[in-house]
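Novice: Input my_file11.tsv, format and content: TSV, C-alpha atoms.
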chain	number	residue	atom	x	y	z
A	29	MET	CA	193.54	187.52	-79.08
A	30	ASN	CA	191.39	185.84	-81.74
A	31	ILE	CA	187.71	185.52	-80.84
A	32	THR	CA	186.51	182.29	-82.45
A	33	ARG	CA	182.90	181.27	-83.04
A	34	ARG	CA	183.42	178.49	-80.47
A	35	LEU	CA	184.68	180.98	-77.89
A	36	LEU	CA	181.79	183.36	-78.53
A	37	GLY	CA	179.39	180.50	-77.95
A	38	LYS	CA	181.10	179.70	-74.68
A	39	VAL	CA	181.02	183.37	-73.69
A	40	ALA	CA	177.27	183.28	-74.12
A	41	LEU	CA	177.13	180.10	-72.03
A	42	GLY	CA	179.30	181.67	-69.35
A	43	LEU	CA	177.17	184.79	-69.25
A	44	ALA	CA	174.07	182.68	-68.85
A	45	GLY	CA	175.58	181.06	-65.77
A	46	ALA	CA	177.37	184.11	-64.43
A	47	THR	CA	176.69	185.66	-61.06
A	48	ILE	CA	176.69	189.44	-61.27
A	49	LEU	CA	177.30	191.56	-58.20
A	50	MET	CA	176.53	195.19	-58.83
A	51	PRO	CA	178.75	197.91	-57.39
A	52	GLY	CA	178.08	199.10	-53.86
A	53	ALA	CA	179.17	202.17	-51.99
A	54	PHE	CA	182.37	204.06	-52.78
A	55	ALA	CA	184.66	205.83	-50.39
A	56	ALA	CA	186.73	208.84	-51.37
A	57	ASP	CA	189.79	207.49	-49.54
A	58	LYS	CA	190.06	204.34	-51.66
A	59	PRO	CA	192.85	204.37	-54.25
A	60	ALA	CA	192.18	204.19	-57.99
A	61	PRO	CA	190.48	202.35	-59.56
A	62	PHE	CA	188.24	201.81	-56.50
A	63	ASP	CA	187.55	205.53	-56.05
A	64	LYS	CA	184.82	205.32	-58.68
A	65	PRO	CA	182.42	202.64	-59.96
A	66	GLY	CA	183.20	200.28	-62.82
A	67	VAL	CA	185.82	197.81	-61.60
A	68	LYS	CA	184.97	194.42	-63.06
A	69	ILE	CA	186.53	191.09	-62.04
A	70	ALA	CA	185.86	187.42	-62.74
A	71	LEU	CA	186.04	184.33	-60.54
A	72	VAL	CA	186.90	181.32	-62.71
A	73	ARG	CA	186.14	178.14	-60.77
A	74	TYR	CA	187.19	174.50	-61.22
A	75	LEU	CA	185.60	173.07	-58.06
A	76	SER	CA	182.26	174.28	-56.74
A	77	THR	CA	180.56	171.26	-55.16
A	78	GLY	CA	180.34	171.19	-51.38
A	79	ASP	CA	179.96	173.53	-48.43
A	80	PHE	CA	183.57	174.77	-48.57
A	81	PHE	CA	183.15	176.18	-52.06
A	82	GLN	CA	179.78	177.74	-51.33
A	83	ALA	CA	181.32	179.52	-48.33
A	84	TYR	CA	184.36	180.55	-50.39
A	85	LEU	CA	182.05	182.09	-52.98
A	86	SER	CA	180.15	183.96	-50.26
A	87	GLY	CA	183.45	185.47	-49.10
A	88	VAL	CA	184.35	186.53	-52.64
A	89	GLU	CA	180.93	188.12	-52.99
A	90	SER	CA	181.01	189.94	-49.64
A	91	GLN	CA	184.47	191.46	-50.20
A	92	SER	CA	183.57	192.38	-53.79
A	93	LYS	CA	180.43	194.13	-52.57
A	94	ALA	CA	182.42	196.02	-49.92
A	95	LEU	CA	184.76	197.27	-52.65
A	96	GLY	CA	181.97	198.10	-55.11
A	97	ILE	CA	183.18	195.50	-57.61
A	98	ASP	CA	181.14	194.10	-60.50
A	99	LEU	CA	181.78	190.35	-60.06
A	100	ARG	CA	181.26	187.67	-62.71
A	101	VAL	CA	181.37	184.01	-61.65
A	102	LEU	CA	182.26	181.41	-64.28
A	103	ASP	CA	181.99	177.79	-63.14
A	104	SER	CA	183.60	174.98	-65.17
A	105	ARG	CA	182.31	172.18	-62.89
A	106	GLN	CA	185.60	170.29	-62.96
A	107	ASP	CA	186.02	170.51	-66.71
A	108	ALA	CA	189.68	171.49	-67.13
A	109	ALA	CA	189.39	172.46	-70.79
A	110	LEU	CA	186.30	174.55	-70.13
A	111	GLN	CA	188.00	176.32	-67.22
A	112	SER	CA	190.83	177.30	-69.55
A	113	ASP	CA	188.31	178.59	-72.08
A	114	MET	CA	186.55	180.53	-69.33
A	115	VAL	CA	189.70	182.55	-68.73
A	116	ASP	CA	189.38	183.61	-72.37
A	117	GLN	CA	185.71	184.38	-71.75
A	118	ALA	CA	186.69	186.64	-68.88
A	119	ILE	CA	189.23	188.40	-71.10
A	120	ALA	CA	186.55	188.89	-73.76
A	121	LEU	CA	184.20	190.32	-71.13
A	122	GLY	CA	186.73	193.10	-70.47
A	123	VAL	CA	187.43	192.33	-66.81
A	124	GLN	CA	190.33	194.06	-65.06
A	125	GLY	CA	191.11	191.18	-62.73
A	126	ILE	CA	190.66	187.40	-62.52
A	127	ILE	CA	190.65	185.00	-59.58
A	128	ILE	CA	191.47	181.46	-60.69
A	129	GLN	CA	190.03	179.07	-58.12
A	130	HIS	CA	191.51	175.55	-58.16
A	131	GLY	CA	192.22	173.67	-61.37
A	132	LEU	CA	195.07	171.76	-62.97
A	133	THR	CA	198.49	173.31	-63.56
A	134	GLU	CA	198.76	171.89	-67.07
A	135	SER	CA	195.48	173.42	-68.21
A	136	MET	CA	195.65	176.72	-66.32
A	137	LYS	CA	199.30	177.73	-66.71
A	138	ASP	CA	198.92	178.94	-70.30
A	139	ALA	CA	195.44	180.35	-69.67
A	140	ALA	CA	196.73	182.46	-66.80
A	141	GLN	CA	199.59	183.72	-68.94
A	142	ARG	CA	197.11	184.75	-71.66
A	143	ALA	CA	195.31	186.90	-69.11
A	144	VAL	CA	198.56	188.49	-67.93
A	145	ASP	CA	199.53	189.15	-71.56
A	146	ALA	CA	196.17	190.90	-72.01
A	147	GLY	CA	197.07	193.30	-69.19
A	148	ILE	CA	194.74	191.69	-66.65
A	149	LYS	CA	195.73	191.25	-63.01
A	150	VAL	CA	195.43	187.65	-61.82
A	151	VAL	CA	195.56	185.79	-58.50
A	152	ALA	CA	195.26	182.03	-58.07
A	153	PHE	CA	193.73	180.14	-55.16
A	154	ASP	CA	194.85	176.54	-54.64
A	155	VAL	CA	196.19	176.07	-58.15
A	156	ASN	CA	199.84	176.49	-59.05
A	157	VAL	CA	199.98	178.38	-62.35
A	158	GLU	CA	203.78	178.62	-62.14
A	159	ASN	CA	203.87	182.35	-62.80
A	160	PRO	CA	205.95	184.82	-60.73
A	161	LYS	CA	203.54	187.64	-61.65
A	162	ILE	CA	200.54	185.84	-60.15
A	163	PRO	CA	200.12	185.76	-56.34
A	164	GLN	CA	199.20	182.36	-54.92
A	165	ILE	CA	196.45	182.42	-52.29
A	166	GLU	CA	197.01	179.49	-49.96
A	167	GLN	CA	195.45	178.01	-46.84
A	168	SER	CA	198.90	176.95	-45.63
A	169	ASP	CA	198.01	173.44	-46.71
A	170	LYS	CA	201.07	171.89	-45.12
A	171	ASP	CA	200.00	173.38	-41.78
A	172	LEU	CA	196.44	172.11	-42.29
A	173	ALA	CA	197.76	168.58	-42.70
A	174	ARG	CA	200.31	169.02	-39.92
A	175	LEU	CA	197.73	170.15	-37.35
A	176	ALA	CA	195.36	167.29	-38.19
A	177	LEU	CA	198.12	164.67	-38.15
A	178	GLU	CA	199.63	165.97	-34.91
A	179	GLN	CA	196.21	165.46	-33.34
A	180	ALA	CA	196.03	161.97	-34.84
A	181	VAL	CA	199.36	161.10	-33.20
A	182	LYS	CA	198.22	162.67	-29.92
A	183	ASP	CA	195.02	160.59	-29.96
A	184	ASN	CA	196.38	157.30	-31.32
A	185	GLY	CA	200.07	157.17	-30.47
A	186	GLU	CA	202.92	156.71	-32.94
A	187	SER	CA	201.84	153.35	-34.40
A	188	TRP	CA	198.64	152.85	-36.41
A	189	ASN	CA	197.33	151.56	-39.71
A	190	ALA	CA	195.98	154.26	-41.96
A	191	GLY	CA	193.65	154.56	-44.86
A	192	TYR	CA	194.52	157.66	-46.89
A	193	VAL	CA	192.27	159.57	-49.29
A	194	TYR	CA	194.20	161.42	-52.01
A	195	VAL	CA	193.85	162.59	-55.60
A	196	ALA	CA	197.10	163.75	-57.21
A	197	GLY	CA	197.37	166.83	-59.40
A	198	ILE	CA	195.27	169.19	-57.24
A	199	ALA	CA	197.63	171.75	-55.70
A	200	PRO	CA	196.22	171.84	-52.13
A	201	LEU	CA	195.98	168.06	-51.96
A	202	ASP	CA	199.53	167.74	-53.29
A	203	ARG	CA	200.80	170.12	-50.61
A	204	ARG	CA	198.92	168.23	-47.90
A	205	ASN	CA	200.37	165.01	-49.27
A	206	GLU	CA	203.89	166.35	-48.74
A	207	THR	CA	203.16	166.63	-45.02
A	208	TRP	CA	201.68	163.12	-44.95
A	209	VAL	CA	204.85	161.76	-46.54
A	210	ASP	CA	206.97	163.58	-43.93
A	211	VAL	CA	204.86	162.27	-41.04
A	212	LYS	CA	205.22	158.67	-42.26
A	213	LYS	CA	208.98	159.16	-42.40
A	214	LYS	CA	209.04	160.62	-38.89
A	215	TYR	CA	206.90	157.87	-37.35
A	216	ALA	CA	207.93	154.44	-38.62
A	217	GLY	CA	204.98	152.88	-36.82
A	218	ILE	CA	202.42	154.67	-39.01
A	219	LYS	CA	201.58	152.40	-41.93
A	220	GLU	CA	199.60	153.46	-44.98
A	221	VAL	CA	197.74	150.25	-45.81
A	222	ALA	CA	195.40	151.74	-48.43
A	223	MET	CA	195.27	154.85	-50.59
A	224	PHE	CA	192.17	155.77	-52.58
A	225	GLY	CA	190.22	158.83	-53.70
A	226	THR	CA	188.15	160.47	-56.41
A	227	LEU	CA	186.76	163.86	-57.31
A	228	ASP	CA	183.81	162.42	-59.22
A	229	ASN	CA	180.57	164.18	-58.30
A	230	PRO	CA	179.00	163.87	-55.83
A	231	ILE	CA	182.41	163.59	-54.20
A	232	ALA	CA	181.33	162.34	-50.76
A	233	ASN	CA	179.18	159.54	-52.19
A	234	SER	CA	181.85	158.53	-54.69
A	235	VAL	CA	184.48	158.34	-51.93
A	236	ALA	CA	182.04	156.39	-49.75
A	237	ASN	CA	181.74	153.77	-52.49
A	238	GLN	CA	185.52	153.37	-52.54
A	239	ALA	CA	185.83	153.39	-48.75
A	240	ARG	CA	183.36	150.49	-48.41
A	241	SER	CA	185.67	148.28	-50.45
A	242	VAL	CA	188.78	149.52	-48.64
A	243	LEU	CA	187.30	148.75	-45.21
A	244	GLN	CA	186.37	145.24	-46.32
A	245	ALA	CA	189.84	144.61	-47.74
A	246	HIS	CA	191.72	146.16	-44.79
A	247	PRO	CA	189.95	145.43	-41.48
A	248	ASP	CA	193.14	146.47	-39.65
A	249	ILE	CA	192.66	150.18	-40.44
A	250	ASN	CA	192.16	152.26	-37.30
A	251	VAL	CA	192.82	155.78	-38.62
A	252	MET	CA	191.56	157.46	-41.79
A	253	PHE	CA	193.37	160.57	-43.01
A	254	ALA	CA	191.02	162.37	-45.39
A	255	PRO	CA	192.48	165.87	-45.90
A	256	TYR	CA	189.43	167.43	-47.58
A	257	ASP	CA	186.05	167.51	-45.86
A	258	GLU	CA	184.12	165.99	-48.78
A	259	PHE	CA	186.55	163.05	-48.55
A	260	ALA	CA	185.94	162.82	-44.80
A	261	LYS	CA	182.17	162.84	-45.29
A	262	GLY	CA	182.47	159.91	-47.68
A	263	VAL	CA	184.71	157.95	-45.33
A	264	LYS	CA	182.32	158.60	-42.44
A	265	ILE	CA	179.39	157.24	-44.45
A	266	ALA	CA	181.27	153.98	-45.04
A	267	VAL	CA	182.58	153.74	-41.48
A	268	ASP	CA	179.09	154.27	-40.02
A	269	GLU	CA	177.54	151.70	-42.36
A	270	ALA	CA	180.17	149.15	-41.33
A	271	GLY	CA	179.55	149.85	-37.64
A	272	LEU	CA	183.21	150.82	-37.18
A	273	ASN	CA	182.67	154.30	-35.74
A	274	LYS	CA	184.13	153.29	-32.36
A	275	LYS	CA	187.13	151.54	-33.93
A	276	ILE	CA	188.24	154.08	-36.54
A	277	LYS	CA	189.05	157.78	-36.12
A	278	ILE	CA	188.87	160.22	-39.03
A	279	TYR	CA	191.13	163.29	-39.39
A	280	SER	CA	190.51	165.85	-42.09
A	281	ALA	CA	190.97	169.37	-43.40
A	282	ASP	CA	188.32	172.07	-43.96
A	283	ILE	CA	185.08	172.70	-42.07
A	284	SER	CA	181.42	173.58	-42.64
A	285	THR	CA	178.20	173.62	-40.64
A	286	SER	CA	177.31	170.14	-41.90
A	287	ASP	CA	180.81	168.93	-40.95
A	288	ILE	CA	180.31	170.32	-37.44
A	289	ALA	CA	177.02	168.43	-37.11
A	290	ALA	CA	178.71	165.21	-38.28
A	291	MET	CA	181.58	165.64	-35.82
A	292	ARG	CA	179.19	166.32	-32.92
A	293	GLU	CA	177.18	163.13	-33.43
A	294	THR	CA	177.30	160.63	-30.56
A	295	ASP	CA	180.30	158.32	-31.02
A	296	SER	CA	181.24	160.07	-34.27
A	297	ALA	CA	184.42	158.70	-35.86
A	298	TRP	CA	185.32	162.20	-37.11
A	299	ALA	CA	187.77	163.26	-34.40
A	300	ALA	CA	189.39	166.46	-35.71
A	301	THR	CA	189.89	168.76	-38.65
A	302	ALA	CA	192.17	171.67	-39.42
A	303	ALA	CA	190.64	174.54	-41.30
A	304	THR	CA	190.62	178.10	-42.40
A	305	ASN	CA	187.32	179.89	-42.73
A	306	PRO	CA	186.52	179.42	-46.44
A	307	ALA	CA	184.58	182.69	-46.50
A	308	VAL	CA	187.67	184.48	-45.16
A	309	VAL	CA	189.84	182.81	-47.81
A	310	GLY	CA	187.42	184.11	-50.45
A	311	GLN	CA	187.70	187.61	-49.00
A	312	VAL	CA	191.50	187.41	-48.97
A	313	SER	CA	191.47	186.32	-52.63
A	314	VAL	CA	189.54	189.46	-53.60
A	315	ARG	CA	191.69	191.70	-51.38
A	316	ALA	CA	194.94	190.43	-52.91
A	317	LEU	CA	193.55	191.04	-56.40
A	318	ALA	CA	192.35	194.51	-55.36
A	319	GLN	CA	195.84	195.34	-54.12
A	320	LEU	CA	197.27	194.41	-57.52
A	321	LEU	CA	194.69	196.57	-59.25
A	322	ALA	CA	195.62	199.47	-56.96
A	323	GLY	CA	199.31	199.08	-57.83
A	324	GLU	CA	200.24	197.41	-54.51
A	325	ASP	CA	202.10	194.15	-53.94
A	326	PRO	CA	200.32	191.60	-51.71
A	327	GLY	CA	203.32	189.27	-52.00
A	328	HIS	CA	203.68	186.14	-54.11
A	329	ASN	CA	202.45	183.72	-51.42
A	330	VAL	CA	199.41	185.07	-49.59
A	331	ILE	CA	198.86	182.61	-46.75
A	332	VAL	CA	195.78	182.32	-44.56
A	333	PRO	CA	196.67	180.57	-41.25
A	334	PRO	CA	194.60	177.52	-40.20
A	335	THR	CA	192.98	176.51	-36.90
A	336	LEU	CA	192.77	173.03	-35.34
A	337	ILE	CA	189.19	172.10	-34.50
A	338	THR	CA	188.56	168.95	-32.47
A	339	GLN	CA	185.38	167.09	-31.71
A	340	LYS	CA	185.98	167.95	-28.04
A	341	ASP	CA	186.21	171.69	-28.88
A	342	LEU	CA	182.86	171.57	-30.65
A	343	ILE	CA	181.12	169.79	-27.81
A	344	ASP	CA	182.76	171.62	-24.88
A	345	LYS	CA	182.19	175.05	-26.43
A	346	ASP	CA	178.71	174.10	-27.72
A	347	ILE	CA	179.65	175.02	-31.29
A	348	LYS	CA	176.85	174.00	-33.66
A	349	ASN	CA	177.53	175.98	-36.84
A	350	MET	CA	180.01	178.23	-38.62
A	351	GLU	CA	178.63	181.32	-36.87
A	352	ASP	CA	179.31	179.74	-33.48
A	353	LEU	CA	182.77	178.73	-34.64
A	354	SER	CA	183.65	182.29	-35.60
A	355	ALA	CA	182.20	183.68	-32.37
A	356	LYS	CA	183.84	181.17	-30.03
A	357	LEU	CA	187.13	180.77	-31.89
A	358	PRO	CA	187.88	184.40	-32.87
A	359	GLN	CA	191.04	183.47	-34.79
A	360	PHE	CA	188.73	181.70	-37.26
A	361	ALA	CA	186.53	184.74	-37.97
A	362	HIS	CA	188.98	187.06	-39.73
A	363	ALA	CA	192.48	186.91	-41.16
A	364	ASP	CA	194.47	190.13	-41.10
A	365	VAL	CA	195.97	189.19	-44.48
A	366	ALA	CA	196.10	191.44	-47.57
A	367	MET	CA	194.47	194.13	-45.43
A	368	PRO	CA	195.91	197.61	-46.12
A	369	ALA	CA	194.41	200.53	-44.23
A	370	TRP	CA	192.12	201.54	-47.10
A	371	MET	CA	190.60	198.06	-47.51
A	372	PRO	CA	186.99	197.74	-46.25
A	373	ASN	CA	186.39	194.82	-43.89
A	374	PRO	CA	183.08	193.15	-44.75
A	375	ASN	CA	183.08	191.44	-41.33
A	376	ALA	CA	183.15	194.72	-39.40
A	377	LYS	CA	180.10	195.23	-37.23
Rewrite the coordinates I just gave you, this time as structure tokens.
Specialist:
Amino acid sequence: MNITRRLLGKVALGLAGATILMPGAFAADKPAPFDKPGVKIALVRYLSTGDFFQAYLSGVESQSKALGIDLRVLDSRQDAALQSDMVDQAIALGVQGIIIQHGLTESMKDAAQRAVDAGIKVVAFDVNVENPKIPQIEQSDKDLARLALEQAVKDNGESWNAGYVYVAGIAPLDRRNETWVDVKKKYAGIKEVAMFGTLDNPIANSVANQARSVLQAHPDINVMFAPYDEFAKGVKIAVDEAGLNKKIKIYSADISTSDIAAMRETDSAWAATAATNPAVVGQVSVRALAQLLAGEDPGHNVIVPPTLITQKDLIDKDIKNMEDLSAKLPQFAHADVAMPAWMPNPNAK
């Protein structure tokens, strides 16, 4: 690969913003290359704003530390061209593996192939890079949407007017949208009266600005489907400001401590969410990449199963934060996915 002056400048920029996790302990029973120090990987991020992505990063860091990996974190802050360049940065840094976290297919497909061509192992989380050699880490997005929408039907019946928050071109949102389309076909009484959405930062505030206008234009909305928690936060801001929290119910995907607090509020409109533990998803991403580096096959689709979490669950079980959620809903705390016998479990007590 040709190292241009522009790329070298961006490498310097990436290094300035990189997170470095130094190797930890090594166990003799780990396979090569994890039987000795020096394994270096990169996490190349598209999205990083919000609690979900902070928790995801913490999972990547904890599993990397357990494996003694030198981790570099390169954050494009939703700049698709820069994220593509950052894959080249990672190649120039001499990493052995890359996790691509979110992004756009059109910008990351070729970048991912360049890494594969350079002999680097790659996994992708929530971005479809259309490459049979690259495992796709998924939250089972269709199941996330299905669980939330099944609860919406349970709570509201089979006929309601919905506002829907969606941004096309983001793999997990596109997969969740497929379920939404299927649900509308199944239940003729569910009407989508407004669709809106943005990923402009700060996402929740930007969505709130849109939701204010939507609520004014469509006073008949009684359900909001916002299948990403930053979307749901924005919708809740607008619903609360309009004094519609007893009229409208919000259903979402993903979870965080701040989401739990918002759902537990008295008369909160946020009725349910379906989620995987983002820290666990981060751990699974590292484990799948580690399996590739060790010559093992984690499978092309590495799926982390979701859990339905209702407002009633949170209140009845006195769940106030992510630690409580893991303790009181054990299926949320750990996913036995990409977990060969030699793999260290960073959650083990």
Novice: Nearest to Ala239 of chain A: which of A:Val267, A:Ala216, A:Ile278, A:Leu71 is it, counting only C-alpha atoms?
Specialist: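 Residue with the minimum atom-to-atom distance to Ala239 of chain A: A:Val267.
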Novice: Excluding segment 151-163 of chain A and residues on its chain fewer than 4 positions from it, collect all residues at most 8 Å away from it, counting all atoms listed in the file, and give them as a ChimeraX atom specification.
Specialist: /A:126-133,136-137,140-141,167,198-200,313,316-317,326-330
Novice: Save out the residues we just selected, C-alpha atoms, as a PDB file, keeping the file's coordinate frame.
Specialist:
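After the write, selection-v7.pdb holds the following:
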ATOM      1  CA  ILE A 126     190.660 187.400 -62.520  1.00  0.00           C
ATOM      2  CA  ILE A 127     190.650 185.000 -59.580  1.00  0.00           C
ATOM      3  CA  ILE A 128     191.470 181.460 -60.690  1.00  0.00           C
ATOM      4  CA  GLN A 129     190.030 179.070 -58.120  1.00  0.00           C
ATOM      5  CA  HIS A 130     191.510 175.550 -58.160  1.00  0.00           C
ATOM      6  CA  GLY A 131     192.220 173.670 -61.370  1.00  0.00           C
ATOM      7  CA  LEU A 132     195.070 171.760 -62.970  1.00  0.00           C
ATOM      8  CA  THR A 133     198.490 173.310 -63.560  1.00  0.00           C
ATOM      9  CA  MET A 136     195.650 176.720 -66.320  1.00  0.00           C
ATOM     10  CA  LYS A 137     199.300 177.730 -66.710  1.00  0.00           C
ATOM     11  CA  ALA A 140     196.730 182.460 -66.800  1.00  0.00           C
ATOM     12  CA  GLN A 141     199.590 183.720 -68.940  1.00  0.00           C
ATOM     13  CA  GLN A 167     195.450 178.010 -46.840  1.00  0.00           C
ATOM     14  CA  ILE A 198     195.270 169.190 -57.240  1.00  0.00           C
ATOM     15  CA  ALA A 199     197.630 171.750 -55.700  1.00  0.00           C
ATOM     16  CA  PRO A 200     196.220 171.840 -52.130  1.00  0.00           C
ATOM     17  CA  SER A 313     191.470 186.320 -52.630  1.00  0.00           C
ATOM     18  CA  ALA A 316     194.940 190.430 -52.910  1.00  0.00           C
ATOM     19  CA  LEU A 317     193.550 191.040 -56.400  1.00  0.00           C
ATOM     20  CA  PRO A 326     200.320 191.600 -51.710  1.00  0.00           C
ATOM     21  CA  GLY A 327     203.320 189.270 -52.000  1.00  0.00           C
ATOM     22  CA  HIS A 328     203.680 186.140 -54.110  1.00  0.00           C
ATOM     23  CA  ASN A 329     202.450 183.720 -51.420  1.00  0.00           C
ATOM     24  CA  VAL A 330     199.410 185.070 -49.590  1.00  0.00           C
TER      25      VAL A 330
END
Novice: Can you tell me how far atom CA of Gln124 of chain A sits from atom CA of Lys149 of chain A, in Å to one decimal?
Specialist: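 Between atom CA of Gln124 of chain A and atom CA of Lys149 of chain A the gap works out to 6.4 Å.
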Novice: In terms of the shortest atom-to-atom distance over all atoms listed in the file, which of A:Ala369, A:Asp325, A:Gln164, A:Ser284 is closest to Asn349 of chain A?
Specialist: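 The closest residue to Asn349 of chain A is A:Ser284.
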Novice: Ranking A:Ala60, A:Val150, A:Leu102, A:Ala190 by minimum distance to Gly323 of chain A and counting all atoms listed in the file, which one comes first?
Specialist: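 For Gly323 of chain A, the nearest of the given residues is A:Ala60.
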Novice: Compile a residue-level contact table for segment 178-253 of chain A against segment 288-306 of chain A at a cut-off of 12 Å, reporting for every qualifying residue the shortest atom pair and its distance in Å to one decimal, with all atoms listed in the file counted, rows ordered by chain and ascending number, as a Markdown table.
Specialist:
| residue | atom | partner | partner_atom | distance |
| --- | --- | --- | --- | --- |
| A:Glu178 | CA | A:Ala300 | CA | 10.3 |
| A:Gln179 | CA | A:Ala300 | CA | 7.3 |
| A:Ala180 | CA | A:Ala300 | CA | 8.1 |
| A:Val181 | CA | A:Ala300 | CA | 11.6 |
| A:Lys182 | CA | A:Ala300 | CA | 11.2 |
| A:Asp183 | CA | A:Ala299 | CA | 8.9 |
| A:Asn184 | CA | A:Ala299 | CA | 10.9 |
| A:Arg204 | CA | A:Ala302 | CA | 11.4 |
| A:Asn250 | CA | A:Ala297 | CA | 10.2 |
| A:Val251 | CA | A:Ala297 | CA | 9.3 |
| A:Met252 | CA | A:Trp298 | CA | 9.1 |
| A:Phe253 | CA | A:Thr301 | CA | 9.9 |
Novice: Would you mind telling me which residue in A:Val72, A:Gly122, A:Ala236, A:Gly147 lies nearest to Leu110 of chain A when using all atoms listed in the file?
Specialist: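 So, comparing all the options, the nearest one is A:Val72.
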Novice: Return the single residue from A:Ile69, A:Val314, A:Ala260, A:Leu336 that is closest to Ser234 of chain A, with distances computed using only C-alpha atoms.
Specialist: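 Answer, going by the shortest atom-to-atom distance: A:Ala260.
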Novice: Mind checking which residues fall within 8 Å of Ala281 of chain A, counting only C-alpha atoms, ignoring those fewer than 6 positions away in the same chain, and posting them as a PyMOL selection string?
Specialist: chain A and resi 172-173+176+254-257+301-303
Novice: Write out the residues from the selection above, keeping C-alpha atoms, as a short mmCIF file (atom, residue, chain, number, x, y, z; two decimals), keeping the file's coordinate frame.
Specialist:
data_model
loop_
_atom_site.label_atom_id
_atom_site.label_comp_id
_atom_site.auth_asym_id
_atom_site.auth_seq_id
_atom_site.Cartn_x
_atom_site.Cartn_y
_atom_site.Cartn_z
CA LEU A 172 196.44 172.11 -42.29
CA ALA A 173 197.76 168.58 -42.70
CA ALA A 176 195.36 167.29 -38.19
CA ALA A 254 191.02 162.37 -45.39
CA PRO A 255 192.48 165.87 -45.90
CA TYR A 256 189.43 167.43 -47.58
CA ASP A 257 186.05 167.51 -45.86
CA THR A 301 189.89 168.76 -38.65
CA ALA A 302 192.17 171.67 -39.42
CA ALA A 303 190.64 174.54 -41.30
#
Novice: Would you please work out which residue, of A:Asp171, A:Asp364, A:Arg142, A:Leu95, is nearest to Asp116 of chain A when using only C-alpha atoms?
Specialist: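 So, comparing all the options, the nearest one is A:Arg142.
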Novice: Using only the atoms of segment 299-316 of chain A listed in the file, plus 5 Å on each side, state the axis-aligned box centre and edge lengths in Å rounded to one decimal, as lines of an AutoDock Vina configuration file.
Specialist:
center_x = 189.8
center_y = 177.5
center_z = -44.0
size_x = 20.4
size_y = 38.4
size_z = 29.2
Novice: Between atom CA of Val332 of chain A and atom CA of Gln359 of chain A, what is the distance in Å, rounded to a tenth?
Specialist: 10.9 Å
Novice: Suppose you want the space between atom CA of Ala94 of chain A and atom CA of Trp370 of chain A; what is it in Å?
Specialist: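 Taking atom CA of Ala94 of chain A as the start and atom CA of Trp370 of chain A as the end point, the length is 11.5 Å.
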Novice: Write out as a PyMOL selection string the residues lying within 10 Å of Ile265 of chain A, counting all atoms listed in the file and excluding same-chain residues fewer than 4 positions away.
Specialist: chain A and resi 232-233+235-237+239-240+260-261+269-270+273
Novice: Could you dump the residues just selected with C-alpha atoms as a short mmCIF file (atom, residue, chain, number, x, y, z; two decimals), in the coordinates of the input?
Specialist:
data_model
loop_
_atom_site.label_atom_id
_atom_site.label_comp_id
_atom_site.auth_asym_id
_atom_site.auth_seq_id
_atom_site.Cartn_x
_atom_site.Cartn_y
_atom_site.Cartn_z
CA ALA A 232 181.33 162.34 -50.76
CA ASN A 233 179.18 159.54 -52.19
CA VAL A 235 184.48 158.34 -51.93
CA ALA A 236 182.04 156.39 -49.75
CA ASN A 237 181.74 153.77 -52.49
CA ALA A 239 185.83 153.39 -48.75
CA ARG A 240 183.36 150.49 -48.41
CA ALA A 260 185.94 162.82 -44.80
CA LYS A 261 182.17 162.84 -45.29
CA GLU A 269 177.54 151.70 -42.36
CA ALA A 270 180.17 149.15 -41.33
CA ASN A 273 182.67 154.30 -35.74
#
Novice: Take the point (183.1, 195.7, -59.4) in the file's coordinates, draw a sphere of radius 8 Å around it, and report as a PyMOL selection string every protein, DNA or RNA residue with an atom inside or on it, counting all atoms listed in the file.
Specialist: chain A and resi 49-51+65-69+92-93+95-99
Novice: Could you list, as a PyMOL selection string, every residue within 10 Å of Gln311 of chain A, counting all atoms listed in the file and ignoring same-chain residues fewer than 2 positions away?
Specialist: chain A and resi 84-92+94+305-309+313-316+362-363+365-366+373-375
Novice: Give me, as a Markdown table, each residue of segment 83-150 of chain A that comes within 12 Å of segment 224-231 of chain A, together with its shortest interatomic pair and the distance in Å at one decimal, counting all atoms listed in the file, with rows ordered by chain and rising residue number.
Specialist:
| residue | atom | partner | partner_atom | distance |
| --- | --- | --- | --- | --- |
| A:Arg105 | CA | A:Asn229 | CA | 9.4 |
| A:Gln106 | CA | A:Leu227 | CA | 8.6 |
| A:Asp107 | CA | A:Asp228 | CA | 11.2 |
| A:Gly131 | CA | A:Leu227 | CA | 11.9 |
Novice: Selected residues, C-alpha atoms, written as a PDB file, in the frame of the given file, please.
Specialist:
ATOM      1  CA  ARG A 105     182.310 172.180 -62.890  1.00  0.00           C
ATOM      2  CA  GLN A 106     185.600 170.290 -62.960  1.00  0.00           C
ATOM      3  CA  ASP A 107     186.020 170.510 -66.710  1.00  0.00           C
ATOM      4  CA  GLY A 131     192.220 173.670 -61.370  1.00  0.00           C
TER       5      GLY A 131
END
Novice: Show me, as a PyMOL selection string, the residues that have an atom within 10 Å of His246 of chain A when counting all atoms listed in the file, minus same-chain residues fewer than 3 positions from it.
Specialist: chain A and resi 189-191+221-222+241-243+249-250
